[in-house]
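I have placed the structure first, in the form of structure tokens, so that the comments after it can refer back to it.
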Amino acid sequence: MPDSSDIARLFDRRPRHWVSPADPVAWNAVRDKVCAEVAPETATEFVALLRREIVEVVGVDVDDTDATAEPCVLVEGRPEAVDLPTWRTIVLPLLTARARQLYGELPTERP
């Protein structure tokens, strides 16, 4: 079973481009919250934890296509909203795939 340092490494490589200045700040906050928890036993449990912490940080379920992100992430002292499409189409799938590799559910080698 992975430990907390393995979980932290899932967040080492960030997406190259962010839409909102709140996105990298939220990434760090989600990483810190996830890493503060006991390492989940399965990738499915990790993804459930990840989703809960994302909702906690960004204020909405990123899968809710009708949701509007509220400015709730502090960037240089002012509240900003994350870009929900970025979190829905890049961040969540990226971290889910990395977790599935870590937990042995996907191959880790590239062809």
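Chain labels follow the order of the structure tokens: the first chain is A, the next B, and so on; residue numbering restarts at 1 in every chain, and ligands are counted from 1 in their shown order.
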Query - Contacts of range 91-97 of chain A at 12 Å (only C-alpha atoms; same-chain gap of 5+ positions) as a PyMOL selection string - result: chain A and resi 7-19+23-24+26-27+30-31+34+42-55+61-63+82-86+102-108
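For range 35-86 of chain A, backbone-based DSSP assignment of strand (DSSP E or B) covers Val73, Leu74, Val75, Arg78, Pro79 and Glu80 of chain A.
The two atoms in question, CA of Ala22 in chain A and CA of Glu80 in chain A, are spaced 5.6 Å apart.
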